[in-house]
Each structure stands twice: as structure tokens, then as C-alpha cells.
>>> print(open('my_file25.pdb').read())   # PDB, C-alpha atoms, pLDDT in the B column
ATOM      1  CA  MET A   1     101.975 102.150  54.302  1.00 38.00           C
ATOM      2  CA  SER A   2     102.916 105.207  56.283  1.00 41.00           C
ATOM      3  CA  ASP A   3     102.316 105.564  60.002  1.00 48.00           C
ATOM      4  CA  VAL A   4     100.947 109.053  59.384  1.00 46.00           C
ATOM      5  CA  PRO A   5      97.173 109.396  59.182  1.00 48.00           C
ATOM      6  CA  THR A   6      95.938 109.933  55.653  1.00 48.00           C
ATOM      7  CA  THR A   7      92.587 111.540  56.417  1.00 61.00           C
ATOM      8  CA  GLN A   8      91.136 114.048  58.801  1.00 64.00           C
ATOM      9  CA  PRO A   9      88.080 113.570  60.992  1.00 61.00           C
ATOM     10  CA  GLY A  10      84.715 114.628  59.681  1.00 61.00           C
ATOM     11  CA  PRO A  11      83.160 117.774  61.150  1.00 59.00           C
ATOM     12  CA  ASN A  12      80.924 115.788  63.523  1.00 72.00           C
ATOM     13  CA  LEU A  13      83.866 113.880  65.014  1.00 80.00           C
ATOM     14  CA  ALA A  14      86.168 116.894  65.300  1.00 76.00           C
ATOM     15  CA  ASN A  15      83.784 118.427  67.859  1.00 81.00           C
ATOM     16  CA  ASP A  16      82.711 115.203  69.584  1.00 87.00           C
ATOM     17  CA  PRO A  17      83.641 115.310  73.309  1.00 90.00           C
ATOM     18  CA  PHE A  18      83.916 111.480  73.533  1.00 95.00           C
ATOM     19  CA  TYR A  19      87.358 110.522  74.840  1.00 97.00           C
ATOM     20  CA  LEU A  20      88.924 107.160  75.694  1.00 97.00           C
ATOM     21  CA  ARG A  21      92.400 106.257  76.910  1.00 98.00           C
ATOM     22  CA  TYR A  22      93.749 102.899  78.054  1.00 97.00           C
ATOM     23  CA  TYR A  23      97.229 102.243  79.394  1.00 96.00           C
ATOM     24  CA  THR A  24      98.892  99.151  80.788  1.00 94.00           C
ATOM     25  CA  GLY A  25     102.534  98.963  81.684  1.00 92.00           C
ATOM     26  CA  HIS A  26     105.336  98.374  84.131  1.00 84.00           C
ATOM     27  CA  GLN A  27     108.930  99.273  84.840  1.00 81.00           C
ATOM     28  CA  GLY A  28     111.043  96.139  84.581  1.00 72.00           C
ATOM     29  CA  GLN A  29     114.430  94.775  83.631  1.00 72.00           C
ATOM     30  CA  HIS A  30     113.818  95.895  80.046  1.00 66.00           C
ATOM     31  CA  GLY A  31     112.835  99.452  81.070  1.00 72.00           C
ATOM     32  CA  HIS A  32     109.394 101.026  80.753  1.00 77.00           C
ATOM     33  CA  GLU A  33     107.237  98.609  78.785  1.00 86.00           C
ATOM     34  CA  PHE A  34     103.687  99.617  77.981  1.00 91.00           C
ATOM     35  CA  LEU A  35     100.717  99.481  75.668  1.00 92.00           C
ATOM     36  CA  GLU A  36      98.537 102.547  75.293  1.00 96.00           C
ATOM     37  CA  PHE A  37      95.764 103.697  73.026  1.00 96.00           C
ATOM     38  CA  GLU A  38      93.794 106.907  73.014  1.00 97.00           C
ATOM     39  CA  TYR A  39      90.768 108.035  71.042  1.00 97.00           C
ATOM     40  CA  SER A  40      89.788 111.693  70.728  1.00 95.00           C
ATOM     41  CA  GLN A  41      87.963 113.744  68.062  1.00 93.00           C
ATOM     42  CA  GLY A  42      88.089 111.090  65.364  1.00 93.00           C
ATOM     43  CA  ARG A  43      91.723 110.124  65.905  1.00 95.00           C
ATOM     44  CA  LEU A  44      92.976 106.848  67.357  1.00 96.00           C
ATOM     45  CA  ARG A  45      96.563 106.806  68.591  1.00 96.00           C
ATOM     46  CA  TYR A  46      98.342 103.586  69.560  1.00 94.00           C
ATOM     47  CA  ALA A  47     101.725 103.017  71.188  1.00 92.00           C
ATOM     48  CA  ASN A  48     103.439  99.806  72.236  1.00 90.00           C
ATOM     49  CA  ASN A  49     106.874  99.843  73.839  1.00 87.00           C
ATOM     50  CA  SER A  50     108.615  96.569  74.502  1.00 80.00           C
ATOM     51  CA  ASN A  51     112.352  96.607  74.957  1.00 70.00           C
ATOM     52  CA  TYR A  52     112.481  92.815  75.022  1.00 65.00           C
ATOM     53  CA  ARG A  53     115.122  91.654  72.512  1.00 67.00           C
ATOM     54  CA  ASN A  54     115.757  95.297  71.644  1.00 68.00           C
ATOM     55  CA  ASP A  55     112.288  95.864  70.197  1.00 70.00           C
ATOM     56  CA  SER A  56     111.542  99.506  69.576  1.00 77.00           C
ATOM     57  CA  LEU A  57     108.586 101.750  70.260  1.00 83.00           C
ATOM     58  CA  ILE A  58     105.698 101.201  67.851  1.00 87.00           C
ATOM     59  CA  ARG A  59     103.429 104.175  67.217  1.00 91.00           C
ATOM     60  CA  LYS A  60     100.407 104.184  64.937  1.00 92.00           C
ATOM     61  CA  GLU A  61      97.772 106.814  64.328  1.00 94.00           C
ATOM     62  CA  LEU A  62      94.619 106.749  62.236  1.00 93.00           C
ATOM     63  CA  TYR A  63      91.285 108.471  61.850  1.00 93.00           C
ATOM     64  CA  LEU A  64      88.077 106.546  62.402  1.00 93.00           C
ATOM     65  CA  SER A  65      84.794 106.783  60.542  1.00 92.00           C
ATOM     66  CA  ALA A  66      81.688 107.999  62.351  1.00 92.00           C
ATOM     67  CA  LEU A  67      80.293 104.455  62.239  1.00 93.00           C
ATOM     68  CA  THR A  68      83.415 103.022  63.889  1.00 94.00           C
ATOM     69  CA  VAL A  69      83.321 105.706  66.588  1.00 94.00           C
ATOM     70  CA  SER A  70      79.664 104.903  67.168  1.00 94.00           C
ATOM     71  CA  GLU A  71      80.597 101.259  67.768  1.00 95.00           C
ATOM     72  CA  LEU A  72      83.437 102.295  70.100  1.00 96.00           C
ATOM     73  CA  LYS A  73      80.973 104.372  72.140  1.00 96.00           C
ATOM     74  CA  ASN A  74      78.478 101.504  72.107  1.00 96.00           C
ATOM     75  CA  ILE A  75      81.084  99.108  73.519  1.00 97.00           C
ATOM     76  CA  VAL A  76      81.838 101.533  76.360  1.00 97.00           C
ATOM     77  CA  GLU A  77      78.204 102.375  77.107  1.00 96.00           C
ATOM     78  CA  SER A  78      76.924  98.800  76.981  1.00 97.00           C
ATOM     79  CA  SER A  79      79.657  97.667  79.387  1.00 97.00           C
ATOM     80  CA  GLU A  80      78.167 100.025  82.016  1.00 96.00           C
ATOM     81  CA  ILE A  81      81.688 100.855  83.221  1.00 97.00           C
ATOM     82  CA  ILE A  82      80.481 104.338  84.199  1.00 95.00           C
ATOM     83  CA  LYS A  83      78.570 102.739  87.095  1.00 96.00           C
ATOM     84  CA  GLU A  84      81.764 101.267  88.570  1.00 97.00           C
ATOM     85  CA  ASP A  85      84.190 102.576  91.190  1.00 96.00           C
ATOM     86  CA  ASP A  86      87.807 101.456  91.552  1.00 96.00           C
ATOM     87  CA  LYS A  87      88.215 102.121  95.281  1.00 96.00           C
ATOM     88  CA  LEU A  88      88.135  98.372  96.115  1.00 96.00           C
ATOM     89  CA  TRP A  89      90.213  97.296  93.126  1.00 96.00           C
ATOM     90  CA  PRO A  90      93.787  96.086  93.583  1.00 94.00           C
ATOM     91  CA  LYS A  91      96.259  98.978  93.638  1.00 95.00           C
ATOM     92  CA  LYS A  92      99.121  99.233  91.165  1.00 92.00           C
ATOM     93  CA  ASN A  93     102.147  97.198  92.183  1.00 91.00           C
ATOM     94  CA  ILE A  94     105.536  95.951  90.989  1.00 86.00           C
ATOM     95  CA  VAL A  95     103.813  93.841  88.308  1.00 87.00           C
ATOM     96  CA  GLY A  96     102.384  97.012  86.808  1.00 91.00           C
ATOM     97  CA  LYS A  97      99.203  98.963  86.446  1.00 95.00           C
ATOM     98  CA  GLN A  98      96.281  99.602  84.130  1.00 97.00           C
ATOM     99  CA  GLU A  99      94.496 102.884  83.594  1.00 97.00           C
ATOM    100  CA  LEU A 100      91.236 103.595  81.821  1.00 98.00           C
ATOM    101  CA  GLU A 101      89.853 107.068  81.270  1.00 98.00           C
ATOM    102  CA  VAL A 102      86.525 107.735  79.562  1.00 97.00           C
ATOM    103  CA  LYS A 103      84.601 110.901  78.822  1.00 96.00           C
ATOM    104  CA  ILE A 104      81.188 110.173  77.388  1.00 93.00           C
ATOM    105  CA  GLY A 105      78.331 112.637  77.511  1.00 89.00           C
ATOM    106  CA  ASP A 106      78.566 114.572  80.785  1.00 92.00           C
ATOM    107  CA  THR A 107      80.412 111.734  82.525  1.00 95.00           C
ATOM    108  CA  HIS A 108      84.185 111.702  82.966  1.00 96.00           C
ATOM    109  CA  ILE A 109      85.632 108.675  84.778  1.00 97.00           C
ATOM    110  CA  SER A 110      89.114 107.419  85.467  1.00 97.00           C
ATOM    111  CA  PHE A 111      90.228 104.045  86.832  1.00 97.00           C
ATOM    112  CA  GLU A 112      93.573 102.697  88.002  1.00 97.00           C
ATOM    113  CA  THR A 113      94.265  99.138  89.060  1.00 96.00           C
ATOM    114  CA  ALA A 114      96.933  96.461  89.089  1.00 94.00           C
ATOM    115  CA  LYS A 115      97.491  94.434  85.944  1.00 93.00           C
ATOM    116  CA  ILE A 116      95.004  91.600  85.632  1.00 91.00           C
ATOM    117  CA  GLY A 117      96.546  88.289  84.657  1.00 86.00           C
ATOM    118  CA  SER A 118      93.349  86.286  84.340  1.00 89.00           C
ATOM    119  CA  LEU A 119      89.780  85.943  85.574  1.00 90.00           C
ATOM    120  CA  VAL A 120      91.185  84.321  88.717  1.00 92.00           C
ATOM    121  CA  ASP A 121      92.587  87.750  89.673  1.00 90.00           C
ATOM    122  CA  VAL A 122      89.185  89.293  88.987  1.00 93.00           C
ATOM    123  CA  GLN A 123      87.276  86.748  91.072  1.00 93.00           C
ATOM    124  CA  GLY A 124      89.734  87.068  93.947  1.00 92.00           C
ATOM    125  CA  SER A 125      89.395  90.836  94.210  1.00 93.00           C
ATOM    126  CA  ASP A 126      87.320  92.764  96.756  1.00 96.00           C
ATOM    127  CA  ASP A 127      85.008  93.911  93.930  1.00 96.00           C
ATOM    128  CA  PRO A 128      84.737  90.970  91.523  1.00 96.00           C
ATOM    129  CA  GLU A 129      81.687  92.365  89.696  1.00 97.00           C
ATOM    130  CA  GLY A 130      83.295  95.755  89.021  1.00 97.00           C
ATOM    131  CA  MET A 131      86.584  94.141  88.046  1.00 96.00           C
ATOM    132  CA  ARG A 132      84.739  91.778  85.698  1.00 96.00           C
ATOM    133  CA  VAL A 133      83.126  94.750  83.923  1.00 97.00           C
ATOM    134  CA  PHE A 134      86.539  96.419  83.605  1.00 97.00           C
ATOM    135  CA  TYR A 135      88.258  93.201  82.464  1.00 96.00           C
ATOM    136  CA  TYR A 136      85.774  92.426  79.686  1.00 96.00           C
ATOM    137  CA  LEU A 137      85.587  96.045  78.525  1.00 97.00           C
ATOM    138  CA  VAL A 138      89.379  96.179  78.208  1.00 96.00           C
ATOM    139  CA  GLN A 139      89.366  92.880  76.275  1.00 96.00           C
ATOM    140  CA  ASP A 140      86.714  94.206  73.877  1.00 97.00           C
ATOM    141  CA  LEU A 141      88.557  97.502  73.382  1.00 97.00           C
ATOM    142  CA  LYS A 142      91.885  95.769  72.730  1.00 96.00           C
ATOM    143  CA  ILE A 143      90.320  93.469  70.138  1.00 96.00           C
ATOM    144  CA  LEU A 144      88.753  96.406  68.316  1.00 96.00           C
ATOM    145  CA  VAL A 145      91.898  98.555  68.431  1.00 95.00           C
ATOM    146  CA  PHE A 146      94.217  95.725  67.359  1.00 92.00           C
ATOM    147  CA  SER A 147      91.854  94.904  64.483  1.00 93.00           C
ATOM    148  CA  LEU A 148      91.696  98.528  63.330  1.00 94.00           C
ATOM    149  CA  ILE A 149      95.473  98.928  63.512  1.00 91.00           C
ATOM    150  CA  SER A 150      96.021  95.660  61.667  1.00 89.00           C
ATOM    151  CA  LEU A 151      93.498  96.471  58.943  1.00 88.00           C
ATOM    152  CA  ASN A 152      94.858  99.961  58.431  1.00 86.00           C
ATOM    153  CA  PHE A 153      98.583  99.236  58.441  1.00 82.00           C
ATOM    154  CA  LYS A 154      99.138  95.634  57.289  1.00 69.00           C
ATOM    155  CA  ILE A 155      96.767  95.116  54.388  1.00 54.00           C
ATOM    156  CA  LYS A 156      98.465  96.058  51.145  1.00 55.00           C
ATOM    157  CA  PRO A 157      96.017  97.224  48.486  1.00 56.00           C
ATOM    158  CA  THR A 158      96.217  95.555  45.091  1.00 56.00           C
ATOM    159  CA  HIS A 159      96.007  97.675  41.981  1.00 54.00           C
TER
END
>>> encode(input="my_file25.pdb", output="C-alpha cells")
Amino acid sequence: MSDVPTTQPGPNLANDPFYLRYYTGHQGQHGHEFLEFEYSQGRLRYANNSNYRNDSLIRKELYLSALTVSELKNIVESSEIIKEDDKLWPKKNIVGKQELEVKIGDTHISFETAKIGSLVDVQGSDDPEGMRVFYYLVQDLKILVFSLISLNFKIKPTH
């Protein structure tokens, strides 16, 4: 299956202002390694760069149905991430950083923090409640994105 999207967004999604971007990465002995996904106007873009054992950059792009976008918005809204503030969160460091940007309705938020290894890092932060919201939202988003990418690019239709 090609890595090029096969459909275009419907008219409702093409004009939808909802936007989501997540990035996690670091600069290490294998160069710039990162995972990033971005949703905008019906299109989901995914990139994963790991130079470990000479792996190459993986890029995938697909268009989502209105129902899938509705669920993506629901995940973001129900997390209540828009009520959080990252000023007390750990700052990016040598281990790396995470970024989350969301535009939903009239709200546009952006977060940056250090990579989170586990819930121990969350509980040990100066804002454990806010970090917990961020941590679980990121986990939910990754699961959804990985599932969508896997379903779209690995399942071979039978004729």
C-alpha cells in the first residue's frame, strides 16, 4: 500500500479549525530521533525517525473520517488538557522533550516538557495533576494514531 493518501477530506473537515500536533524527540548519538504526528483539516501526518541500526525516516499520511475526527476531538476535550499550564512542568533537557499543541474551538494551547519515562516522573513533578493529564492524553493519542496507521498501511485487502 502506498504512503500517499488515497482520499481527500470531506467538505466539513477541510474547513474545521481543529488542530493537534505532538512531538517527542532528542538529539543523541544516533542523531535527531523523534516521533511526531499532526492532525489538521482531515489529514493525519505521522513521522518517526530512529537512526538506531541505520533505520530510516518513516512518514505516513492519511485522511480521517468525520467520525474518527470526532473521537479525536472527544479524547482531547475529555482530558481537560486545555485547563492545564506547563509553567511548573519539567523543562526540556538532554534526555529530550515533548511538545503538544492543540487548537480546539477558540482555544489554542501549546505545551513543552521533558520526556516522561513513567508515572514516577509525573508524581515527582511540581505539578503532578497537570502532568498526569498530559501523560494520559499523550498515551491515548499515541494508541489511536498507531492503530490508525497500522490499520491503514499494514492490512492487505483480499480480493
>>> closest_atom_pairs(input="my_file25.pdb", of="range 87-153 of chain A", to="range 32-39 of chain A", cutoff="10 Å", atoms="all atoms listed in the file", output="JSON lines")
{"residue": "A:Gly96", "atom": "CA", "partner": "A:Phe34", "partner_atom": "CA", "distance": 9.3}
{"residue": "A:Lys97", "atom": "CA", "partner": "A:Phe34", "partner_atom": "CA", "distance": 9.6}
{"residue": "A:Gln98", "atom": "CA", "partner": "A:Leu35", "partner_atom": "CA", "distance": 9.6}
{"residue": "A:Glu99", "atom": "CA", "partner": "A:Glu36", "partner_atom": "CA", "distance": 9.2}
{"residue": "A:Leu100", "atom": "CA", "partner": "A:Glu38", "partner_atom": "CA", "distance": 9.8}
{"residue": "A:Glu101", "atom": "CA", "partner": "A:Glu38", "partner_atom": "CA", "distance": 9.1}
{"residue": "A:Val102", "atom": "CA", "partner": "A:Tyr39", "partner_atom": "CA", "distance": 9.5}
{"residue": "A:Leu141", "atom": "CA", "partner": "A:Phe37", "partner_atom": "CA", "distance": 9.5}
{"residue": "A:Lys142", "atom": "CA", "partner": "A:Phe37", "partner_atom": "CA", "distance": 8.8}
{"residue": "A:Val145", "atom": "CA", "partner": "A:Phe37", "partner_atom": "CA", "distance": 7.9}
{"residue": "A:Phe146", "atom": "CA", "partner": "A:Phe37", "partner_atom": "CA", "distance": 9.9}
>>> atom_distance(input="my_file25.pdb", atom1="CA of Tyr135 in chain A", atom2="CA of Ser70 in chain A")
21.1 Å
>>> atom_distance(input="my_file25.pdb", atom1="CA of Lys60 in chain A", atom2="CA of Asp106 in chain A")
28.9 Å
>>> resolve_selection(input="my_file25.pdb", expression="the PyMOL selection byres ((chain A and resi 92-95) around 7)", output="MDAnalysis selection string")
chainID A and resid 26 90:91 96:97 113:115
>>> closest_residue(input="my_file25.pdb", among="A:Asp16, A:Glu61, A:Glu77, A:Glu71", to="Asn152 in chain A", atoms="only C-alpha atoms")
A:Glu61
